Structure formats: structure tokens, C-alpha cells
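Source file: data_20.csv. Holds: CSV, C-alpha atoms.
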```csv
chain,number,residue,atom,x,y,z
A,1,MET,CA,34.4,47.6,-82.1
A,2,TYR,CA,35.9,47.6,-78.6
A,3,ASP,CA,35.2,50.7,-76.5
A,4,MET,CA,38.0,52.9,-75.2
A,5,ASP,CA,37.7,51.5,-71.7
A,6,THR,CA,38.5,48.0,-72.9
A,7,ARG,CA,41.4,49.2,-75.0
A,8,LYS,CA,43.0,51.2,-72.3
A,9,GLN,CA,42.6,48.5,-69.7
A,10,ALA,CA,44.3,46.0,-72.0
A,11,LEU,CA,47.2,48.4,-72.6
A,12,ALA,CA,47.5,49.1,-68.9
A,13,LEU,CA,47.9,45.4,-68.2
A,14,VAL,CA,50.6,45.2,-71.0
A,15,ALA,CA,52.4,48.2,-69.5
A,16,GLN,CA,52.6,46.4,-66.2
A,17,GLY,CA,54.8,43.8,-67.9
A,18,ARG,CA,52.1,41.2,-68.7
A,19,SER,CA,52.4,39.2,-71.9
A,20,LEU,CA,50.0,39.6,-74.8
A,21,ASN,CA,48.8,36.0,-74.2
A,22,SER,CA,47.9,36.6,-70.6
A,23,VAL,CA,46.2,39.9,-71.3
A,24,SER,CA,44.2,38.3,-74.1
A,25,ARG,CA,43.1,35.5,-71.9
A,26,GLU,CA,42.0,37.9,-69.1
A,27,THR,CA,40.2,40.4,-71.4
A,28,GLY,CA,38.9,38.2,-74.2
A,29,VAL,CA,40.6,40.5,-76.7
A,30,SER,CA,42.8,39.0,-79.5
A,31,ARG,CA,46.5,39.5,-79.3
A,32,THR,CA,46.4,41.1,-82.8
A,33,ALA,CA,43.9,43.7,-81.6
A,34,ILE,CA,46.0,44.5,-78.5
A,35,ARG,CA,49.2,44.7,-80.6
A,36,SER,CA,47.5,47.2,-82.9
A,37,TRP,CA,46.3,49.3,-80.0
A,38,GLN,CA,50.0,49.7,-78.9
A,39,THR,CA,50.4,51.6,-82.1
A,40,ARG,CA,47.1,53.5,-82.1
A,41,VAL,CA,44.7,53.2,-79.1
A,42,GLU,CA,41.9,55.4,-80.6
A,43,PRO,CA,39.5,54.1,-83.2
A,44,LEU,CA,39.8,55.8,-86.6
A,45,GLY,CA,37.9,59.0,-86.7
A,46,TRP,CA,37.9,59.3,-82.9
A,47,SER,CA,38.9,62.5,-81.2
A,48,ARG,CA,38.9,64.0,-77.8
A,49,ALA,CA,36.6,67.0,-77.0
A,50,THR,CA,38.9,68.7,-74.5
A,51,PRO,CA,42.0,70.3,-75.9
A,52,CYS,CA,45.2,70.6,-73.9
A,53,PRO,CA,45.4,74.0,-72.2
A,54,ARG,CA,49.2,74.0,-72.6
A,55,CYS,CA,49.1,73.3,-76.4
A,56,GLN,CA,47.0,76.2,-77.4
A,57,GLU,CA,48.5,79.2,-79.3
A,58,THR,CA,48.5,81.0,-76.0
A,59,PRO,CA,49.1,78.4,-73.3
A,60,GLU,CA,46.8,78.5,-70.3
A,61,PRO,CA,46.8,76.8,-66.9
A,62,PRO,CA,44.6,73.7,-66.4
A,63,PRO,CA,40.9,74.6,-65.9
A,64,ASP,CA,40.7,73.2,-62.3
A,65,PRO,CA,43.7,74.6,-60.4
A,66,ASN,CA,42.7,72.9,-57.1
A,67,ALA,CA,42.6,69.5,-58.8
A,68,TYR,CA,45.8,70.2,-60.7
A,69,THR,CA,47.9,71.3,-57.8
A,70,TYR,CA,46.7,68.3,-55.7
A,71,LEU,CA,47.5,65.9,-58.6
A,72,LEU,CA,50.9,67.6,-59.0
A,73,GLY,CA,51.7,66.6,-55.4
A,74,LEU,CA,50.5,63.1,-56.0
A,75,TYR,CA,52.5,62.8,-59.2
A,76,LEU,CA,55.8,64.1,-57.6
A,77,GLY,CA,55.3,61.5,-54.8
A,78,ASP,CA,53.9,58.3,-56.2
A,79,GLY,CA,53.3,59.0,-59.9
A,80,CYS,CA,55.0,58.3,-63.2
A,81,ILE,CA,54.3,58.9,-66.9
A,82,SER,CA,55.1,56.2,-69.4
A,83,HIS,CA,55.5,56.5,-73.1
A,84,LEU,CA,53.8,54.2,-75.6
A,85,ARG,CA,54.1,54.2,-79.3
A,86,ARG,CA,53.3,57.2,-81.6
A,87,GLY,CA,53.2,59.8,-78.8
A,88,THR,CA,50.7,58.1,-76.5
A,89,TYR,CA,51.4,58.6,-72.8
A,90,PHE,CA,49.7,57.3,-69.7
A,91,LEU,CA,49.8,58.7,-66.1
A,92,ARG,CA,49.9,56.2,-63.3
A,93,ILE,CA,49.5,57.1,-59.6
A,94,THR,CA,50.0,54.2,-57.2
A,95,CYS,CA,47.7,54.3,-54.2
A,96,ALA,CA,47.6,51.9,-51.3
A,97,ASN,CA,44.4,49.9,-50.7
A,98,ASP,CA,44.4,51.0,-47.1
A,99,TRP,CA,43.2,54.5,-48.2
A,100,PRO,CA,40.1,54.1,-50.4
A,101,GLY,CA,39.2,57.7,-50.0
A,102,LEU,CA,42.6,58.7,-51.3
A,103,VAL,CA,42.1,56.4,-54.3
A,104,ASP,CA,38.8,58.1,-55.1
A,105,ALA,CA,40.3,61.6,-54.6
A,106,CYS,CA,43.1,60.7,-57.0
A,107,ALA,CA,40.7,59.5,-59.7
A,108,GLU,CA,38.6,62.6,-59.3
A,109,ALA,CA,41.6,64.9,-59.7
A,110,ILE,CA,42.8,63.1,-62.8
A,111,GLN,CA,39.3,63.3,-64.3
A,112,ALA,CA,39.1,67.0,-63.5
A,113,VAL,CA,42.4,67.7,-65.2
A,114,ARG,CA,41.6,65.6,-68.3
A,115,PRO,CA,37.7,65.6,-68.4
A,116,SER,CA,37.4,63.8,-71.8
A,117,ASN,CA,39.8,61.0,-71.0
A,118,LYS,CA,38.7,57.9,-69.1
A,119,VAL,CA,40.3,57.2,-65.7
A,120,PHE,CA,40.5,53.6,-64.7
A,121,ARG,CA,42.0,51.6,-61.9
A,122,VAL,CA,44.2,48.5,-62.1
A,123,GLN,CA,44.3,46.4,-59.0
A,124,ARG,CA,47.7,45.1,-57.8
A,125,GLN,CA,48.8,43.4,-54.6
A,126,GLY,CA,48.2,45.9,-51.8
A,127,CYS,CA,47.6,48.9,-54.1
A,128,GLN,CA,45.7,50.3,-57.1
A,129,ASN,CA,47.2,52.0,-60.0
A,130,VAL,CA,45.0,54.9,-61.0
A,131,THR,CA,45.7,55.4,-64.7
A,132,CYS,CA,44.7,57.7,-67.5
A,133,TYR,CA,45.9,57.9,-71.2
A,134,SER,CA,46.6,61.2,-72.8
A,135,ASN,CA,49.1,62.5,-75.4
A,136,HIS,CA,49.4,65.6,-73.2
A,137,TRP,CA,50.7,64.4,-69.9
A,138,PRO,CA,54.2,65.7,-70.6
A,139,CYS,CA,52.7,69.1,-71.4
A,140,LEU,CA,50.9,69.1,-68.1
A,141,PHE,CA,53.7,67.7,-66.1
A,142,PRO,CA,57.0,68.8,-67.7
A,143,GLN,CA,58.9,67.1,-64.8
A,144,HIS,CA,58.5,63.9,-66.8
A,145,GLY,CA,61.8,62.5,-68.0
A,146,PRO,CA,64.0,59.5,-68.1
A,147,GLY,CA,65.2,57.9,-64.9
A,148,LYS,CA,63.9,58.1,-61.3
A,149,LYS,CA,62.9,61.5,-60.0
A,150,HIS,CA,65.4,61.5,-57.2
A,151,SER,CA,68.2,61.0,-59.7
A,152,ARG,CA,67.5,64.1,-61.8
A,153,GLU,CA,66.6,67.7,-61.3
A,154,ILE,CA,63.0,68.4,-60.5
A,155,ALA,CA,61.8,72.0,-60.8
A,156,LEU,CA,58.4,73.6,-61.4
A,157,ALA,CA,57.7,75.6,-64.5
A,158,SER,CA,56.8,79.2,-63.8
A,159,TRP,CA,53.1,78.6,-64.5
A,160,GLN,CA,53.1,75.6,-62.1
A,161,GLN,CA,54.7,77.7,-59.4
A,162,GLU,CA,52.1,80.3,-59.8
A,163,LEU,CA,49.4,77.7,-59.3
A,164,VAL,CA,51.2,76.3,-56.2
A,165,ASP,CA,51.5,79.9,-54.8
A,166,ALA,CA,47.8,80.4,-55.3
A,167,HIS,CA,46.7,76.9,-54.0
A,168,PRO,CA,49.5,75.9,-51.6
A,169,TRP,CA,47.4,73.6,-49.4
A,170,GLU,CA,46.2,71.4,-52.3
A,171,PHE,CA,49.8,70.9,-53.3
A,172,ILE,CA,50.8,70.1,-49.7
A,173,ARG,CA,47.9,67.7,-49.4
A,174,GLY,CA,48.9,65.9,-52.6
A,175,LEU,CA,52.4,65.4,-51.3
A,176,ILE,CA,51.2,64.2,-47.9
A,177,HIS,CA,48.8,61.8,-49.6
A,178,SER,CA,51.6,60.3,-51.7
A,179,ASP,CA,54.7,60.3,-49.6
A,180,GLY,CA,53.5,61.5,-46.2
A,181,CYS,CA,51.5,60.5,-43.2
A,182,ARG,CA,50.0,61.7,-39.9
A,183,ILE,CA,51.0,59.6,-36.9
A,184,THR,CA,50.7,59.7,-33.2
A,185,ASN,CA,54.1,60.0,-31.5
A,186,TRP,CA,54.7,59.4,-27.8
A,187,THR,CA,57.2,60.2,-25.2
A,188,GLU,CA,57.7,59.7,-21.4
A,189,LYS,CA,58.5,62.4,-18.9
A,190,THR,CA,58.9,62.3,-15.1
A,191,VAL,CA,56.6,64.7,-13.4
A,192,GLY,CA,56.6,64.9,-9.6
A,193,GLY,CA,58.5,61.7,-9.5
A,194,VAL,CA,55.9,59.9,-11.6
A,195,ARG,CA,56.8,58.6,-15.1
A,196,LYS,CA,54.0,59.6,-17.5
A,197,ARG,CA,53.4,58.9,-21.1
A,198,TYR,CA,52.4,61.7,-23.4
A,199,GLU,CA,51.1,61.3,-27.0
A,200,TYR,CA,51.0,64.0,-29.7
A,201,PRO,CA,50.2,64.1,-33.4
A,202,ARG,CA,52.9,64.6,-36.0
A,203,TYR,CA,53.2,64.8,-39.8
A,204,PHE,CA,56.0,63.2,-41.8
A,205,PHE,CA,57.0,63.5,-45.4
A,206,SER,CA,59.7,61.3,-46.8
A,207,ASN,CA,61.2,61.5,-50.3
A,208,LYS,CA,64.7,60.8,-51.7
A,209,SER,CA,64.6,63.8,-54.0
A,210,ASP,CA,66.3,66.9,-52.5
A,211,ASP,CA,64.3,69.0,-55.0
A,212,ILE,CA,60.9,67.6,-54.1
A,213,ARG,CA,61.6,67.9,-50.4
A,214,LYS,CA,62.5,71.6,-51.0
A,215,LEU,CA,59.3,72.2,-53.0
A,216,TYR,CA,57.4,70.8,-50.0
A,217,THR,CA,59.3,72.8,-47.3
A,218,ASP,CA,59.2,76.0,-49.4
A,219,THR,CA,55.4,75.6,-49.6
A,220,LEU,CA,55.2,74.9,-45.8
A,221,ASP,CA,57.2,78.1,-45.2
A,222,ALA,CA,54.7,80.1,-47.4
A,223,VAL,CA,51.7,79.0,-45.3
A,224,GLY,CA,53.4,79.4,-42.0
A,225,VAL,CA,54.0,75.8,-41.0
A,226,GLU,CA,57.2,75.1,-39.0
A,227,TRP,CA,59.1,72.0,-39.9
A,228,SER,CA,62.3,70.2,-39.2
A,229,SER,CA,64.5,67.8,-41.2
A,230,LEU,CA,65.3,64.4,-39.8
A,231,ALA,CA,68.0,62.2,-41.1
A,232,ARG,CA,67.6,58.5,-42.0
A,233,GLY,CA,71.2,57.5,-41.5
A,234,VAL,CA,73.2,60.2,-43.2
A,235,ASP,CA,70.4,61.2,-45.6
A,236,PRO,CA,67.8,63.8,-44.5
A,237,PHE,CA,64.9,62.0,-46.1
A,238,ASN,CA,62.2,62.9,-43.6
A,239,ILE,CA,60.5,66.3,-43.0
A,240,SER,CA,58.7,66.5,-39.7
A,241,VAL,CA,55.9,68.9,-38.6
A,242,ALA,CA,55.4,68.5,-34.8
A,243,ARG,CA,54.8,71.9,-33.2
A,244,LYS,CA,51.2,72.2,-31.9
A,245,ALA,CA,50.2,75.2,-33.9
A,246,SER,CA,51.7,73.9,-37.2
A,247,VAL,CA,50.0,70.5,-36.7
A,248,ALA,CA,46.7,72.3,-36.1
A,249,LEU,CA,47.2,74.1,-39.5
A,250,MET,CA,47.9,70.8,-41.2
A,251,ASP,CA,44.9,69.2,-39.6
A,252,LYS,CA,42.7,72.0,-40.8
A,253,HIS,CA,43.9,71.9,-44.4
A,254,VAL,CA,45.3,68.4,-45.0
A,255,GLY,CA,44.3,65.8,-42.3
A,256,PRO,CA,45.2,62.1,-42.2
A,257,LYS,CA,44.8,59.8,-45.1
A,258,TYR,CA,41.4,58.1,-45.3
```
Using C-alpha cells, write down the structure from this file.
Amino acid sequence: MYDMDTRKQALALVAQGRSLNSVSRETGVSRTAIRSWQTRVEPLGWSRATPCPRCQETPEPPPDPNAYTYLLGLYLGDGCISHLRRGTYFLRITCANDWPGLVDACAEAIQAVRPSNKVFRVQRQGCQNVTCYSNHWPCLFPQHGPGKKHSREIALASWQQELVDAHPWEFIRGLIHSDGCRITNWTEKTVGGVRKRYEYPRYFFSNKSDDIRKLYTDTLDAVGVEWSSLARGVDPFNISVARKASVALMDKHVGPKY
């Protein structure tokens, strides 16, 4: 019997658009077995130990609110939830290879949210897809839906907003780690007849979704970070944090990717 890691890795490769033949050659698993896993990934008699906190008779928030709000930020930026057969879903967060610490933090957050589900990584050109199967991802991330996020409404459920209100910096950190960055800007000024170059740190967040940008800026407002909106052409895709005190706050709680 194949273990769950092997089953999920094979299905992740298929979900990336690979043919059954190529996945079979890479993993050594027969096409028949892979095809059957698309219908049911778990072995008969297999069950998960950790129930979904949202599916209980009285729904509860996830057990690790810090990990969840960080993962929520990552999901809204660089994540997606895909549906397989018979109600099986998998969460995929795409992380650049340039930031190995971010990849590790993403995997740790997913594991904390679904402790009984295996988290694994699929290497792609220039990035890793950090992936986890669970029937309950739509319960945990009700923003899941058809189409791209920027083409549909994105709003937090009341229980999610309560978590963000209680753990705003983790949410901001997840958004920055997905669609944001910390850079060093520079400018030149003439002082006493001498042209001098000045450098200063700055945070950027870029996202096409008006709703996601507003979730970000509303949370910045809540923690006292000043921001400005910068247009890319006619579209205000970029949110900038450049004032010294606000950058210091961001450095204290978020910091650059690593």
C-alpha cells in the first residue's frame, strides 16, 4: 500500500497539468493507482485525527490564530484552492525560491492549521508550490470560489475579521510575504550647492484586487501605519509605506523576506 505522502505527491503533479504517463514514470506508481486516487486519495478505513473547527456543531476559530492569520495573508496573495473529485480540495501557496525562510514559514503555518494533514512541496521553475490536501479548505477559507480573486468580491467572514483584528501584524506579514516587498529607494537633493544621494527603506504591496488592497490598508490603519496609493498607469495597484515611523513599525513586526 502506498503511503499518503506518495499519493498526494502524485496527485499534486497531476494537478499541475502533468499526464498520468509522466507522473507514473516519475513516481513509479501505476496509472491505474493514480487514477483511482483522483476519486479517493485516502486508503479505505483511513481517517484524519483533527476535525475541522468550522464544521463542528458550534463552529470555532482555528486552534492557532497566529498561524491562521499569517496563512490567510499568504492565501489572499499567492494562494489558490483547487477541487478534485468527491469533495477533496488542495491548498497551494506559490513561493519564490529566493526566499527559503518564507517557504519554511508557509509550510509551518499550513501544518499548524491542519496538523493531521501532510504538507509537501513541489518544485517548479523558480518557485515551490507548498501544498496540502484537506476536504475542509473551503470551510477555513470561504473566499474560495470560481475565477481569479481580482475578478470577484473578496470579503472576510466575521470570524476571520475577528482574528485579523486580534492578530493584525500576522495578517500584514502574510500579505507582504506574498504580494509585498521591502526595498531601498533613493533620491537626490542639492544641499549647499552639492548634489547628494539619499537612500531610505520602503514597503510596497501590489495586488489587482481592490478588495484585497482595502483589507491590507484597513489593517495598516488599525495598527497606526501611514500609507499611500501609487498608480500603475491608471490603476492604483501599489500601496506604499515610506514614512520613517511607519517603516520602523513594519520593520519591527514584519521585516524583509528572507
Shell of 7 Å around Glu188 in chain A, all atoms listed in the file, local chain residues under 3 positions omitted, as a VMD selection string: chain A and resid 195 to 198
Mind giving me the straight-line distance from CA of Ala248 in chain A to CA of Ser209 in chain A in Å, one decimal?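 The value is 26.7 Å.
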Show me, as a PyMOL selection string, the residues that have an atom within 10 Å of range 172-178 of chain A when counting all atoms listed in the file, minus same-chain residues fewer than 3 positions from it. chain A and resi 67-79+93-96+99+102-103+105-106+164+167-169+181-182+203-207+212-213+215-217+219-220+223+250+253-258
Residue among A:Asp165, A:Ala245, A:Thr32, A:Trp137 lying closest to Asp218 in chain A, counting all atoms listed in the file: A:Asp165
Quick check, in Å to one decimal: how far apart do CA of Val29 in chain A and CA of Ala15 in chain A lie?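 Distance reported for this atom pair: 15.8 Å.
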Please return, as a list in words, all polymer residues that have at least one atom within 12 Å of the point (47.3, 42.2, -82.4); use all atoms listed in the file and the file's own coordinate frame.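 Looking at atoms near the point gives Arg7, Ala10, Leu11, Leu20, Asn21, Val23, Ser24, Val29, Ser30, Arg31, Thr32, Ala33, Ile34, Arg35, Ser36, Trp37, Gln38, Thr39, Arg40 and Val41 of chain A.
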Expressed in Å to a single decimal, how great is the separation between CA of Arg243 in chain A and CA of Ala222 in chain A? 16.4 Å
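Restricting the calculation to only C-alpha atoms, the smallest distance between His144 in chain A and any of A:Ser22, A:Ser82, A:Asn129, A:Ser246 is found for A:Ser82.
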Which residue is closest to Val247 in chain A? Choose from A:Asp221, A:Pro201, A:Phe120, A:Ser151 and count only C-alpha atoms.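 Of all the options, A:Pro201 lies closest to Val247 in chain A.
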Protein and nucleic acid residues near (49.1, 58.7, -31.5) (cut-off 6 Å, all atoms listed in the file) as a list in words: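 All residues meeting the 6 Å criterion around (49.1, 58.7, -31.5) are Ile183, Thr184, Asn185, Glu199, Tyr200 and Pro201 of chain A.
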